[in-house]
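What follows is final-v8.txt (compact mmCIF, C-alpha atoms (C1' of nucleotides)).
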```
# COMPACT_ATOMS: atom_id res chain seq x y z
CA MET U 1 17.82 -13.94 10.90
CA PRO U 2 16.43 -13.38 14.29
CA GLU U 3 13.94 -10.75 15.24
CA LEU U 4 10.96 -11.66 17.38
CA PRO U 5 9.11 -13.73 14.74
CA GLU U 6 12.16 -15.85 13.91
CA VAL U 7 13.03 -16.31 17.56
CA GLU U 8 9.47 -17.39 18.29
CA ALA U 9 9.63 -19.88 15.43
CA VAL U 10 12.87 -21.27 16.85
CA CYS U 11 11.18 -21.69 20.24
CA ARG U 12 8.14 -23.46 18.82
CA LYS U 13 10.35 -25.88 16.98
CA LEU U 14 12.38 -26.55 20.11
CA ARG U 15 9.24 -27.21 22.11
CA GLU U 16 8.57 -30.23 19.92
CA ARG U 17 11.70 -31.93 21.25
CA ALA U 18 13.21 -30.31 24.28
CA PRO U 19 10.76 -30.31 27.19
CA GLY U 20 11.12 -33.40 29.34
CA SER U 21 14.59 -34.25 28.04
CA ARG U 22 17.49 -34.59 30.40
CA ILE U 23 20.79 -32.97 29.50
CA THR U 24 23.34 -35.75 29.71
CA SER U 25 26.27 -33.83 28.28
CA ALA U 26 27.14 -30.25 27.43
CA LYS U 27 29.98 -29.08 25.26
CA VAL U 28 30.96 -25.44 24.89
CA PHE U 29 33.12 -24.45 21.96
CA ARG U 30 32.40 -20.72 22.02
CA CYS U 31 29.63 -18.25 22.84
CA ALA U 32 29.16 -19.58 26.36
CA PRO U 33 31.16 -19.78 29.57
CA ALA U 34 32.87 -23.10 30.23
CA THR U 35 30.94 -23.30 33.49
CA LEU U 36 27.80 -23.96 31.45
CA GLU U 37 28.92 -27.53 30.90
CA GLU U 38 28.75 -28.33 34.56
CA SER U 39 25.73 -26.23 35.43
CA ALA U 40 23.59 -27.74 32.66
CA ARG U 41 24.60 -31.37 32.88
CA GLY U 42 22.16 -33.64 34.68
CA ARG U 43 19.29 -31.19 34.58
CA THR U 44 15.99 -31.68 32.80
CA ILE U 45 14.62 -29.17 30.32
CA ARG U 46 11.25 -28.15 31.70
CA ALA U 47 10.18 -25.52 29.20
CA VAL U 48 11.29 -23.18 26.42
CA ASP U 49 10.22 -19.60 27.05
CA ARG U 50 10.83 -16.42 25.10
CA LEU U 51 10.91 -12.77 26.07
CA GLY U 52 11.50 -10.38 23.21
CA LYS U 53 14.42 -11.89 21.35
CA HIS U 54 15.67 -13.75 24.42
CA ILE U 55 15.27 -17.52 24.58
CA LEU U 56 14.97 -19.05 28.02
CA LEU U 57 15.65 -22.76 28.38
CA ARG U 58 14.11 -23.59 31.74
CA LEU U 59 16.03 -26.31 33.50
CA SER U 60 15.24 -28.19 36.67
CA GLY U 61 16.64 -26.80 39.89
CA GLY U 62 15.83 -23.16 39.19
CA VAL U 63 18.41 -22.75 36.43
CA THR U 64 17.77 -21.04 33.10
CA LEU U 65 19.99 -21.12 30.04
CA HIS U 66 19.65 -17.55 28.88
CA THR U 67 20.21 -17.54 25.12
CA HIS U 68 20.40 -14.71 22.63
CA LEU U 69 20.97 -15.35 18.93
CA ARG U 70 22.15 -11.82 18.14
CA MET U 71 22.85 -11.35 14.43
CA SER U 72 23.40 -14.78 13.00
CA GLY U 73 22.73 -17.36 15.68
CA ASN U 74 20.43 -20.35 15.46
CA LEU U 75 19.23 -22.88 18.00
CA PHE U 76 17.69 -26.20 17.06
CA ALA U 77 17.35 -29.86 17.92
CA ILE U 78 19.19 -32.63 16.09
CA PRO U 79 18.54 -36.40 16.24
CA ASP U 80 22.09 -37.31 17.29
CA HIS U 81 24.11 -34.89 19.39
CA ARG U 82 27.37 -36.38 18.08
CA LEU U 83 26.49 -35.39 14.53
CA HIS U 84 26.46 -31.64 14.96
CA GLY U 85 27.85 -29.45 12.20
CA ALA U 86 31.20 -27.74 12.17
CA GLY U 87 29.63 -24.41 13.06
CA ALA U 88 28.31 -25.58 16.42
CA ARG U 89 29.20 -23.30 19.33
CA VAL U 90 27.36 -25.18 22.07
CA VAL U 91 26.00 -28.73 21.99
CA LEU U 92 23.65 -30.10 24.62
CA GLY U 93 23.41 -33.88 24.55
CA LEU U 94 20.00 -35.14 25.57
CA SER U 95 18.74 -38.41 26.92
CA HIS U 96 18.08 -40.86 24.05
CA GLY U 97 21.00 -39.39 22.11
CA ALA U 98 19.37 -36.34 20.62
CA GLY U 99 20.87 -32.91 20.95
CA ILE U 100 20.32 -29.18 20.94
CA VAL U 101 22.80 -27.07 19.04
CA LEU U 102 23.63 -23.40 19.19
CA GLU U 103 25.15 -22.39 15.88
CA ASP U 104 26.49 -19.01 14.94
CA PRO U 105 28.99 -18.27 12.18
CA ARG U 106 29.83 -14.90 13.68
CA ALA U 107 30.02 -16.18 17.25
CA LEU U 108 28.11 -13.20 18.58
CA ALA U 109 25.35 -15.31 20.10
CA ARG U 110 25.37 -16.05 23.81
CA MET U 111 24.13 -18.84 26.02
CA GLU U 112 24.59 -18.30 29.72
CA PRO U 113 23.43 -20.21 32.76
CA ALA U 114 21.60 -18.10 35.30
CA GLU U 115 19.37 -18.43 38.30
CA THR U 116 15.86 -18.35 36.91
CA GLU U 117 14.63 -15.77 39.40
CA VAL U 118 17.56 -13.48 38.76
CA ILE U 119 17.42 -13.52 34.97
CA ASP U 120 13.65 -13.13 34.94
CA ARG U 121 13.84 -10.08 37.13
CA LYS U 122 16.59 -8.59 34.99
CA LEU U 123 14.74 -9.11 31.72
CA ALA U 124 11.43 -7.90 33.09
CA ALA U 125 13.12 -4.68 34.15
CA GLY U 126 14.91 -4.19 30.86
CA LEU U 127 12.32 -4.98 28.22
CA GLY U 128 9.24 -3.13 27.05
CA PRO U 129 6.01 -4.91 26.17
CA GLU U 130 5.88 -7.30 23.25
CA PRO U 131 3.82 -6.12 20.29
CA LEU U 132 2.01 -9.45 20.06
CA SER U 133 1.02 -9.42 23.72
CA PRO U 134 -2.00 -7.77 25.39
CA ALA U 135 0.36 -5.33 27.12
CA PHE U 136 0.99 -3.56 23.82
CA THR U 137 -2.08 -1.39 24.01
CA LEU U 138 -2.83 1.66 21.91
CA ASP U 139 -3.11 3.77 25.06
CA TRP U 140 0.31 2.70 26.22
CA PHE U 141 1.82 3.35 22.78
CA ARG U 142 0.27 6.80 22.56
CA GLU U 143 1.67 7.76 25.94
CA GLU U 144 5.16 6.43 25.18
CA SER U 145 5.15 8.29 21.89
CA ARG U 146 4.03 11.51 23.50
CA VAL U 147 6.97 11.59 25.89
CA SER U 148 9.70 10.34 23.55
CA ARG U 149 12.00 12.61 21.61
CA GLN U 150 13.67 9.71 19.86
CA PRO U 151 13.57 9.38 16.07
CA ALA U 152 10.85 6.88 15.22
CA LYS U 153 13.24 4.22 13.92
CA LEU U 154 15.40 4.30 17.06
CA PHE U 155 12.31 4.23 19.23
CA LEU U 156 11.12 1.03 17.57
CA MET U 157 14.56 -0.57 17.83
CA ASP U 158 14.85 0.28 21.52
CA GLN U 159 14.14 -2.96 23.38
CA THR U 160 13.34 -1.10 26.58
CA ARG U 161 10.40 0.52 24.77
CA VAL U 162 9.16 -2.27 22.55
CA ALA U 163 10.62 -5.75 22.80
CA GLY U 164 11.23 -7.75 19.67
CA LEU U 165 11.49 -5.41 16.69
CA GLY U 166 14.80 -5.36 14.83
CA ASN U 167 16.15 -3.53 11.83
CA ILE U 168 13.99 -5.18 9.19
CA TYR U 169 10.61 -5.11 10.87
CA ALA U 170 11.15 -1.64 12.31
CA ALA U 171 11.75 -0.39 8.77
CA GLU U 172 8.79 -2.30 7.37
CA SER U 173 6.45 -1.04 10.10
CA LEU U 174 7.47 2.56 9.44
CA TYR U 175 6.97 2.06 5.73
CA ARG U 176 3.48 0.63 6.10
CA ALA U 177 2.50 3.44 8.46
CA ARG U 178 4.08 6.02 6.12
CA VAL U 179 6.23 7.40 8.91
CA ASN U 180 9.58 9.05 8.24
CA PRO U 181 12.16 7.15 10.32
CA ARG U 182 13.90 10.37 11.33
CA LYS U 183 10.79 12.05 12.63
CA LEU U 184 10.72 12.38 16.41
CA MET U 185 8.04 10.31 18.08
CA ASN U 186 6.51 13.24 19.95
CA ALA U 187 6.20 15.12 16.66
CA LEU U 188 4.09 12.47 14.92
CA SER U 189 0.45 13.24 14.27
CA PRO U 190 -2.01 11.25 16.41
CA ALA U 191 -3.16 9.46 13.26
CA LYS U 192 0.40 8.37 12.44
CA VAL U 193 0.98 7.15 15.98
CA ASP U 194 -2.16 5.04 15.84
CA SER U 195 -1.29 3.75 12.40
CA LEU U 196 2.22 2.84 13.50
CA HIS U 197 0.87 0.91 16.47
CA GLY U 198 -1.37 -1.11 14.19
CA GLU U 199 1.28 -1.75 11.57
CA ILE U 200 3.82 -2.97 14.10
CA VAL U 201 1.35 -5.63 15.17
CA ALA U 202 0.45 -6.48 11.58
CA VAL U 203 4.06 -6.74 10.44
CA LEU U 204 5.03 -9.02 13.30
CA ARG U 205 1.95 -11.18 12.85
CA ASP U 206 2.68 -11.59 9.13
CA ALA U 207 6.36 -12.20 9.75
CA LEU U 208 5.59 -14.81 12.39
CA GLN U 209 3.46 -16.77 9.94
CA SER U 210 6.26 -16.71 7.39
CA ALA U 211 8.87 -17.64 9.96
CA ILE U 212 6.86 -20.64 11.11
CA PHE U 213 6.65 -21.85 7.53
CA ALA U 214 10.34 -21.30 6.98
CA TYR U 215 11.24 -23.30 10.07
CA GLY U 216 9.35 -26.35 8.94
CA GLY U 217 5.87 -25.53 10.02
CA PRO U 218 2.47 -26.95 9.24
CA GLY U 219 2.68 -27.96 5.61
CA LYS U 220 5.08 -28.03 2.77
CA PHE U 221 2.12 -27.94 0.40
CA ALA U 222 0.51 -24.75 1.51
CA GLU U 223 1.75 -21.75 -0.36
CA ALA U 224 4.53 -20.52 1.88
CA GLU U 225 3.83 -16.83 1.53
CA SER U 226 7.14 -15.35 2.53
CA PHE U 227 7.01 -11.99 4.23
CA PRO U 228 6.85 -9.23 1.62
CA ILE U 229 9.79 -6.89 2.16
CA ALA U 230 8.86 -3.45 0.88
CA VAL U 231 11.87 -1.30 1.77
CA TYR U 232 14.52 -3.17 3.72
CA GLY U 233 17.64 -3.74 1.62
CA ARG U 234 16.08 -2.08 -1.42
CA GLU U 235 18.17 1.05 -1.71
CA GLY U 236 17.98 2.43 -5.23
CA GLU U 237 14.84 0.52 -6.20
CA PRO U 238 11.57 2.30 -6.88
CA CYS U 239 8.94 2.33 -4.14
CA ASP U 240 5.98 0.07 -4.97
CA ARG U 241 3.61 2.68 -3.65
CA CYS U 242 4.82 5.98 -5.12
CA GLY U 243 7.73 5.15 -7.41
CA ARG U 244 10.31 7.30 -5.64
CA VAL U 245 13.71 5.75 -5.15
CA ILE U 246 14.21 4.03 -1.82
CA ARG U 247 17.02 5.49 0.24
CA ARG U 248 19.42 4.18 2.82
CA ILE U 249 20.54 6.36 5.70
CA ALA U 250 22.41 5.67 8.93
CA GLN U 251 20.69 5.82 12.29
CA GLY U 252 22.25 4.61 15.50
CA GLY U 253 25.04 3.05 13.50
CA ARG U 254 22.65 0.90 11.50
CA SER U 255 21.16 1.20 8.04
CA THR U 256 17.64 2.51 7.74
CA TYR U 257 15.80 2.01 4.46
CA PHE U 258 12.82 4.17 3.64
CA CYS U 259 10.90 5.88 0.87
CA PRO U 260 11.33 9.65 0.94
CA GLY U 261 8.20 10.00 -1.19
CA CYS U 262 5.54 8.43 0.98
CA GLN U 263 7.14 8.29 4.42
CA ARG U 264 6.75 11.77 5.79
C1' DA P 265 18.19 11.84 28.40
C1' DA P 266 19.75 10.92 24.06
C1' DC P 267 22.98 9.83 20.73
C1' DA P 268 27.43 8.45 18.22
C1' DC P 269 30.81 5.13 18.06
C1' DG P 270 33.65 1.15 18.79
C1' DA P 271 33.78 -3.56 20.19
C1' DC P 272 32.34 -8.14 19.68
C1' DC P 273 33.02 -11.76 15.23
C1' DT P 274 32.92 -14.16 10.60
C1' DG P 275 31.41 -14.53 5.96
C1' DG P 276 29.50 -12.97 1.63
C1' DT P 277 29.88 -10.04 -2.21
C1' DA P 278 30.64 -5.91 -5.24
C1' DG P 279 34.24 -3.62 -7.38
C1' DC P 280 38.73 -3.12 -9.09
C1' DT W 281 41.99 -15.10 -9.75
C1' DG W 282 42.78 -12.33 -5.88
C1' DC W 283 42.72 -8.44 -3.28
C1' DT W 284 40.11 -4.65 -0.67
C1' DA W 285 36.22 -2.50 1.27
C1' DC W 286 31.92 -2.71 2.86
C1' DC W 287 27.91 -4.82 4.47
C1' DA W 288 25.18 -7.93 7.57
C1' DG W 289 18.43 -9.54 10.95
C1' DG W 290 21.97 -7.24 17.84
C1' DT W 291 23.56 -5.52 22.11
C1' DC W 292 26.73 -3.39 25.37
C1' DG W 293 30.07 -0.10 27.30
C1' DT W 294 32.08 4.42 26.92
C1' DG W 295 32.26 9.07 25.86
C1' DT W 296 30.00 13.62 24.63
```

Would you write out, as structure tokens, the structure that this file holds?
Amino acid sequence: MPELPEVEAVCRKLRERAPGSRITSAKVFRCAPATLEESARGRTIRAVDRLGKHILLRLSGGVTLHTHLRMSGNLFAIPDHRLHGAGARVVLGLSHGAGIVLEDPRALARMEPAETEVIDRKLAAGLGPEPLSPAFTLDWFREESRVSRQPAKLFLMDQTRVAGLGNIYAAESLYRARVNPRKLMNALSPAKVDSLHGEIVAVLRDALQSAIFAYGGPGKFAEAESFPIAVYGREGEPCDRCGRVIRRIAQGGRSTYFCPGCQR
DNA sequence: AACACGACCTGGTAGC
DNA sequence: TGCTACCAGGTCGTGT
């Protein structure tokens, strides 16, 4: 589920309920240290921030619940904190009985209490600019590309370079820009670098719209255009653009899907 | 610096 | 039906 667009959708949804609520109880089943129960209880949720794929629940008293959904996590509000599902890993009970639940079937997600100043400094130092922020300029991207000898796919997945892309949207960005995922960044033509920069932004913008729909956004009537997946998970199928068979290779221990015909 | 690999975990599914 | 093997949207630590 969660790359930047999905995480942003989760945050927007949470912002409808969470800010202003006091945490009256906290129960950790897994995915969080037991100390979270005590450090969260009694505090008020001031804001829900996001940095890359990291969710930051800002609590009163300079405490942040640093949350990462990893592969299969989800974070959402429920009307009654006692009625959480069986898959709940952390449940925050709020004033007026509502709740916030961290779910994750694989239990890889994490929610950890931290001093706000400390976690902010750590994340700022460890994450590159977000593609949907003004910091993601073409000049910056050109320079990063010029000095990187990483294969393009690994470059896009590297959160210290670009914060927020994951396996799906990295693959889709490369496909749209017609870039071979194995090609080293500093070996890409200037035109490909520029194209890739633009497609990263376009892919995330499109995906964000779809994610907001999927998470119960503006209208159930509007045509919920789901994000069109062109290559991810389509090994063996013909490419919509050139007809060549889409391949799956391994990079950095993950699957990369691409079209050997038009990604060069 | 850059990369491979295992660990962390559970669940779904294709194939036999 | 039931077993096995592999796959999964992420990150971190260790070793080369």

*May I have the protein, DNA and RNA residues with an atom at most 12 Å from (30.1, -5.7, 20.2), counting all atoms listed in the file in the file's coordinates, returned as a list of chain:residue names?*
U:Arg70, U:Met71, U:Arg106, U:Ala107, U:Leu108, U:Ala109, U:Arg110, P:DC269, P:DG270, P:DA271, P:DC272, P:DC273, W:DG290, W:DT291, W:DC292, W:DG293

_range 194-210 of chain U surroundings by only C-alpha atoms (C1' of nucleotides), 7 Å radius, close-in-sequence under 2 positions cut, as number ranges by chain_ = U: 5-6, 131-132, 138, 141, 169, 173-174, 176-177, 190-192, 212-214, 224-227

*If you measure from CA of Thr35 in chain U to CA of Val90 in chain U, what distance in Å do you get, rounded to one decimal?*
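Answer for the CA of Thr35 in chain U to CA of Val90 in chain U separation: 12.1 Å.
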
*Interatomic distance, CA of Pro134 in chain U to CA of Arg161 in chain U (Å, one decimal)*: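 Taking CA of Pro134 in chain U as the start and CA of Arg161 in chain U as the end point, the length is 14.9 Å.
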
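The two atoms in question, CA of Trp140 in chain U and CA of Ile229 in chain U, are spaced 27.6 Å apart.
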
*Between U:Leu184, U:Ser148, U:Gly261, U:Ala170, which one has atoms that come closest to DA265 in chain P, using all atoms listed in the file?*
U:Ser148

_Interface, chain U side, toward chain W (8 Å; only C-alpha atoms (C1' of nucleotides)) as a PyMOL selection string_ = chain U and resi 1-3+70-72+166-168

_Residues near range 119-127 of chain U, anyone? I mean within 6 Å using all atoms listed in the file, not counting same-chain ones fewer than 5 positions away, as a list in words._
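The filter keeps Gln159, Thr160 and Ala163 of chain U.
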